[in-house]
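The next block holds one structure in the form of C-alpha cells; read it before the comments.
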Amino acid sequence: MDGVLVIDKPKGPTSFDVVRQVRGLLKVKKVGHTGTLDPMATGVLPLCLGEATKVAGFITEGDKAYDAVVRLGAETDTQDAEGKVVAEAPVPSLTTAVLEEVLGRFRGSFEQVPPMYSAVKVGGKRLYELARAGEEVERASRQVTVYELVLRDFNANQLRLSVRCSKGFFVRTLAYDIGRALGCGAHLEALRRTTSGPFTLAHSLPLADLAALAREPEALAKRLLPVSEALTDLPAVRVSAEDAARVSHGVPVEAPAHPGRVRVVDPSGALLAVAEVVRGRLRYLRVLV
C-alpha cells in the first residue's frame, strides 16, 4: 500500500498516536507523518504510506495554513490552552485599527523563538522533554515567514485569525507575541490546520471514519493519493523516456528550468525524483525509481 493518506486529525491524540492507529488499522509497516500537530490541534495531517515515505521530508517543508483562536488576558507556560496560567492582565479596549497595527508586525519574514514546549531539539533533546523536567534553556531564533495573516473576528478577549506561513512557524508563539504586543498576554485557545503543502481539508478523511474504510479496500484505494500528487507545489521538469532511464540511475541531465527545487517526472507524469536545478543540470535529492 503506497501513497499519501490525508487525515483530519481530531483534538486529543498526538500525531504519533494517529500514525500508530493507521499502521494498526491498515496493517502497513511504513507510515510517517509530515509535520507534527499538537494534541489540541485538529485538521490536515498528511501520512505517507509505503514507498511514499521516501518523500515525507519534502512534504514537511511545504507551507502551512491555519485557523486560530487566540485568548487574550492570560499567558500559559505552554503558550496554549493546555498549559498552566502563569500571568494575567486586563485586556485593553480593542479596535480593528489597533489590532491591524499589531498584526502588521507579524506579516512577512522575521525571527521567531520556538517555545519550550515543542519538538525542536537542543543538545540532542526535545525541548518539551526539558520543559517537563522543569528546565528552560536558551533557544536560537529562526527565520520564519507569514505570507498572510487575516483578522477574521474579535471580541473583548478573543481573536479569530487565519494564517498562511512557512514551515517551522509556531502559531502558539504568534498568540503569545500578540499578547505581549497588546500588553495583556495571550495564549492559543484553538487551532485547525487547513492546508499542508498541496493538501487541504478537501483531501482529508476524519480519523473516526478510517476503521470502517479499512474494511473496504476499493474505497480505501480511492482515498490514497499517488506519490506523484504529493509534491505538486514544486515545479515539474518533464524528461524524455531516454532521460528518464538516466534519472533512474542518478545520471545528471540538463534541465531548462529556473534554479531551485523541482520534481522530475517522466512523459506520463510519474514522479521519478526530487532534485535541484544547479547551473542548468539536475542535482538529485532523492531518486524514487
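We label chains A, B, ... in the order they appear in the C-alpha cells, count residues from 1 in each chain, and number ligands from 1 in the order shown.
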Please provide the set of residues having any atom within 8 Å of region 126-142 of chain A, restricted to only C-alpha atoms, with same-chain residues fewer than 3 positions apart removed, written as a PyMOL selection string. chain A and resi 111-122
Could you please take those selected residues and save N, CA and C atoms as a compact mmCIF listing (two decimals), in the first residue's frame?
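In the end it all went to again29.txt:
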```
# COMPACT_ATOMS: atom_id res chain seq x y z
N GLU A 111 12.29 36.91 12.79
CA GLU A 111 12.87 35.88 13.65
C GLU A 111 11.84 35.47 14.71
N GLN A 112 11.71 34.16 14.92
CA GLN A 112 10.80 33.64 15.94
C GLN A 112 11.55 32.66 16.83
N VAL A 113 11.38 32.80 18.15
CA VAL A 113 12.00 31.87 19.10
C VAL A 113 11.03 30.73 19.36
N PRO A 114 11.42 29.48 19.12
CA PRO A 114 10.50 28.36 19.36
C PRO A 114 10.16 28.22 20.84
N PRO A 115 8.95 27.78 21.17
CA PRO A 115 8.55 27.64 22.58
C PRO A 115 9.25 26.46 23.24
N MET A 116 9.32 26.50 24.57
CA MET A 116 9.93 25.40 25.30
C MET A 116 9.13 24.12 25.09
N TYR A 117 7.82 24.22 25.06
CA TYR A 117 7.01 23.02 24.81
C TYR A 117 6.87 22.83 23.30
N SER A 118 7.93 22.27 22.70
CA SER A 118 7.93 21.99 21.27
C SER A 118 8.87 20.83 21.00
N ALA A 119 8.79 20.29 19.78
CA ALA A 119 9.61 19.13 19.42
C ALA A 119 10.98 19.52 18.89
N VAL A 120 11.30 20.81 18.90
CA VAL A 120 12.61 21.27 18.46
C VAL A 120 13.68 20.67 19.38
N LYS A 121 14.80 20.24 18.78
CA LYS A 121 15.87 19.64 19.57
C LYS A 121 16.95 20.67 19.92
N VAL A 122 17.40 20.63 21.18
CA VAL A 122 18.53 21.42 21.65
C VAL A 122 19.44 20.48 22.42
```
Would you kindly return, as a ChimeraX atom specification, each protein, DNA or RNA residue with an atom no farther than 10 Å from any atom of region 231-236 of chain A, considering only C-alpha atoms and excluding same-chain residues fewer than 3 positions away? /A:55-56,58-59,62-63,197-199,227-228,239,257-258,260-266,269,271,274
Among the residues of region 149-181 of chain A, find those DSSP assigns to helix (DSSP H, G or I) from the backbone and print them as a VMD selection string. chain A and resid 171 to 181
When distances are computed from only C-alpha atoms, which of A:Ile178, A:Val171, A:Ala52, A:Val44 shows the smallest separation from Leu288 (chain A)?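 Among the listed residues, the smallest separation from Leu288 (chain A) belongs to A:Ala52.
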Excluding same-chain residues fewer than 6 positions from region 153-168 of chain A, what lies within 7 Å of it counting only C-alpha atoms, as a list in words?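 Listing them by chain and then by number gives Glu61, Gly62, Asp63, Lys64, Ala65, Tyr66, Asp67, Ala68, Val69, Val70, Arg71, Leu72, Gly73, Val91, Leu94, Val144, Thr145, Val146 and Tyr147 of chain A.
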Selected residues written out with C-alpha atoms, as a JSON list (two decimals), in the first residue's frame:
```json
[["chain", "number", "residue", "atom", "x", "y", "z"],
["A", 61, "GLU", "CA", 8.88, 21.54, 4.01],
["A", 62, "GLY", "CA", 5.71, 22.85, 2.34],
["A", 63, "ASP", "CA", 3.85, 25.93, 3.52],
["A", 64, "LYS", "CA", 1.02, 25.58, 6.03],
["A", 65, "ALA", "CA", -2.28, 27.38, 6.70],
["A", 66, "TYR", "CA", -4.27, 27.54, 9.93],
["A", 67, "ASP", "CA", -7.40, 28.93, 11.52],
["A", 68, "ALA", "CA", -6.63, 30.02, 15.07],
["A", 69, "VAL", "CA", -8.44, 31.32, 18.13],
["A", 70, "VAL", "CA", -6.36, 33.49, 20.47],
["A", 71, "ARG", "CA", -7.48, 34.10, 24.06],
["A", 72, "LEU", "CA", -6.35, 37.45, 25.44],
["A", 73, "GLY", "CA", -5.61, 38.35, 29.06],
["A", 91, "VAL", "CA", -7.29, 43.42, 28.04],
["A", 94, "LEU", "CA", -9.75, 46.75, 21.11],
["A", 144, "VAL", "CA", 10.01, 32.30, 9.52],
["A", 145, "THR", "CA", 7.65, 33.87, 7.02],
["A", 146, "VAL", "CA", 3.98, 34.77, 7.38],
["A", 147, "TYR", "CA", 2.56, 35.16, 3.89]]
```
So that I can check the surroundings of Ala89 (chain A), please list as number ranges by chain every protein, DNA and RNA residue that reaches within 12 Å of it, counting only C-alpha atoms and ignoring chain neighbours fewer than 3 positions away. A: 71-75, 85-86, 92, 157, 179-180, 182-186
I need the chosen residues saved as a PDB file, in the first residue's frame, with C-alpha atoms.
```pdb
ATOM      1  CA  ARG A  71      -7.480  34.099  24.060  1.00  0.00           C
ATOM      2  CA  LEU A  72      -6.345  37.447  25.439  1.00  0.00           C
ATOM      3  CA  GLY A  73      -5.610  38.353  29.057  1.00  0.00           C
ATOM      4  CA  ALA A  74      -3.686  35.262  30.187  1.00  0.00           C
ATOM      5  CA  GLU A  75      -0.337  33.652  29.403  1.00  0.00           C
ATOM      6  CA  VAL A  85      -1.802  30.097  33.563  1.00  0.00           C
ATOM      7  CA  VAL A  86       1.345  31.945  34.645  1.00  0.00           C
ATOM      8  CA  PRO A  92      -7.177  46.938  26.586  1.00  0.00           C
ATOM      9  CA  ASN A 157     -10.951  38.963  24.911  1.00  0.00           C
ATOM     10  CA  GLY A 179      -0.490  39.216  23.719  1.00  0.00           C
ATOM     11  CA  ARG A 180       2.838  40.797  24.605  1.00  0.00           C
ATOM     12  CA  LEU A 182      -1.075  44.302  23.304  1.00  0.00           C
ATOM     13  CA  GLY A 183       0.287  44.373  26.852  1.00  0.00           C
ATOM     14  CA  CYS A 184      -2.206  41.886  28.251  1.00  0.00           C
ATOM     15  CA  GLY A 185      -0.724  38.480  27.468  1.00  0.00           C
ATOM     16  CA  ALA A 186      -2.413  35.776  25.398  1.00  0.00           C
TER      17      ALA A 186
END
```
Test item, strand (DSSP E) assignment across region 44-102 of chain A, answer as a list of chain:residue names: A:Val44, A:Leu45, A:Pro46, A:Leu47, A:Cys48, A:Leu49, A:Lys64, A:Ala65, A:Tyr66, A:Asp67, A:Ala68, A:Val69, A:Val70, A:Arg71, A:Leu72, A:Ala74, A:Glu75, A:Thr76, A:Val85, A:Val86, A:Ala87, A:Glu88
Please produce a file of the residues just selected, as a PDB file, in the first residue's frame, where the atoms kept are N, CA and C atoms.
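New file result15.pdb:
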```pdb
ATOM      1  N   VAL A  44      -5.544  19.061   8.942  1.00  0.00           N
ATOM      2  CA  VAL A  44      -4.829  18.338   7.879  1.00  0.00           C
ATOM      3  C   VAL A  44      -3.526  17.726   8.387  1.00  0.00           C
ATOM      4  N   LEU A  45      -3.459  16.393   8.334  1.00  0.00           N
ATOM      5  CA  LEU A  45      -2.253  15.656   8.711  1.00  0.00           C
ATOM      6  C   LEU A  45      -1.968  14.626   7.615  1.00  0.00           C
ATOM      7  N   PRO A  46      -1.123  14.968   6.638  1.00  0.00           N
ATOM      8  CA  PRO A  46      -0.799  14.006   5.579  1.00  0.00           C
ATOM      9  C   PRO A  46       0.089  12.886   6.122  1.00  0.00           C
ATOM     10  N   LEU A  47      -0.273  11.653   5.807  1.00  0.00           N
ATOM     11  CA  LEU A  47       0.511  10.491   6.200  1.00  0.00           C
ATOM     12  C   LEU A  47       1.042   9.812   4.951  1.00  0.00           C
ATOM     13  N   CYS A  48       2.318   9.486   4.971  1.00  0.00           N
ATOM     14  CA  CYS A  48       2.934   8.789   3.843  1.00  0.00           C
ATOM     15  C   CYS A  48       2.994   7.297   4.153  1.00  0.00           C
ATOM     16  N   LEU A  49       2.458   6.510   3.236  1.00  0.00           N
ATOM     17  CA  LEU A  49       2.409   5.063   3.409  1.00  0.00           C
ATOM     18  C   LEU A  49       3.335   4.394   2.403  1.00  0.00           C
ATOM     19  N   LYS A  64       2.178  26.018   5.249  1.00  0.00           N
ATOM     20  CA  LYS A  64       1.018  25.579   6.028  1.00  0.00           C
ATOM     21  C   LYS A  64       0.018  26.718   6.152  1.00  0.00           C
ATOM     22  N   ALA A  65      -1.251  26.366   6.420  1.00  0.00           N
ATOM     23  CA  ALA A  65      -2.277  27.377   6.699  1.00  0.00           C
ATOM     24  C   ALA A  65      -3.124  26.903   7.870  1.00  0.00           C
ATOM     25  N   TYR A  66      -3.543  27.854   8.708  1.00  0.00           N
ATOM     26  CA  TYR A  66      -4.271  27.536   9.930  1.00  0.00           C
ATOM     27  C   TYR A  66      -5.399  28.533  10.171  1.00  0.00           C
ATOM     28  N   ASP A  67      -6.417  28.068  10.882  1.00  0.00           N
ATOM     29  CA  ASP A  67      -7.399  28.933  11.516  1.00  0.00           C
ATOM     30  C   ASP A  67      -7.125  28.847  13.014  1.00  0.00           C
ATOM     31  N   ALA A  68      -7.026  30.002  13.667  1.00  0.00           N
ATOM     32  CA  ALA A  68      -6.629  30.021  15.073  1.00  0.00           C
ATOM     33  C   ALA A  68      -7.552  30.900  15.897  1.00  0.00           C
ATOM     34  N   VAL A  69      -7.731  30.507  17.157  1.00  0.00           N
ATOM     35  CA  VAL A  69      -8.445  31.322  18.134  1.00  0.00           C
ATOM     36  C   VAL A  69      -7.452  31.688  19.226  1.00  0.00           C
ATOM     37  N   VAL A  70      -7.295  32.988  19.472  1.00  0.00           N
ATOM     38  CA  VAL A  70      -6.358  33.491  20.469  1.00  0.00           C
ATOM     39  C   VAL A  70      -7.145  34.067  21.647  1.00  0.00           C
ATOM     40  N   ARG A  71      -6.843  33.592  22.856  1.00  0.00           N
ATOM     41  CA  ARG A  71      -7.480  34.099  24.060  1.00  0.00           C
ATOM     42  C   ARG A  71      -6.573  35.155  24.690  1.00  0.00           C
ATOM     43  N   LEU A  72      -7.110  36.347  24.870  1.00  0.00           N
ATOM     44  CA  LEU A  72      -6.345  37.447  25.439  1.00  0.00           C
ATOM     45  C   LEU A  72      -6.509  37.516  26.956  1.00  0.00           C
ATOM     46  N   ALA A  74      -4.364  36.273  29.363  1.00  0.00           N
ATOM     47  CA  ALA A  74      -3.686  35.262  30.187  1.00  0.00           C
ATOM     48  C   ALA A  74      -2.599  34.568  29.371  1.00  0.00           C
ATOM     49  N   GLU A  75      -1.421  34.434  29.989  1.00  0.00           N
ATOM     50  CA  GLU A  75      -0.337  33.652  29.403  1.00  0.00           C
ATOM     51  C   GLU A  75      -0.268  32.301  30.102  1.00  0.00           C
ATOM     52  N   THR A  76       0.113  31.263  29.347  1.00  0.00           N
ATOM     53  CA  THR A  76       0.306  29.939  29.944  1.00  0.00           C
ATOM     54  C   THR A  76       1.731  29.472  29.699  1.00  0.00           C
ATOM     55  N   VAL A  85      -1.845  28.640  33.641  1.00  0.00           N
ATOM     56  CA  VAL A  85      -1.802  30.097  33.563  1.00  0.00           C
ATOM     57  C   VAL A  85      -0.684  30.610  34.470  1.00  0.00           C
ATOM     58  N   VAL A  86       0.199  31.430  33.882  1.00  0.00           N
ATOM     59  CA  VAL A  86       1.345  31.945  34.645  1.00  0.00           C
ATOM     60  C   VAL A  86       1.303  33.460  34.798  1.00  0.00           C
ATOM     61  N   ALA A  87       0.428  34.131  34.054  1.00  0.00           N
ATOM     62  CA  ALA A  87       0.305  35.590  34.173  1.00  0.00           C
ATOM     63  C   ALA A  87      -1.034  36.020  33.613  1.00  0.00           C
ATOM     64  N   GLU A  88      -1.627  37.023  34.245  1.00  0.00           N
ATOM     65  CA  GLU A  88      -2.887  37.576  33.770  1.00  0.00           C
ATOM     66  C   GLU A  88      -2.822  39.103  33.805  1.00  0.00           C
TER      67      GLU A  88
END
```
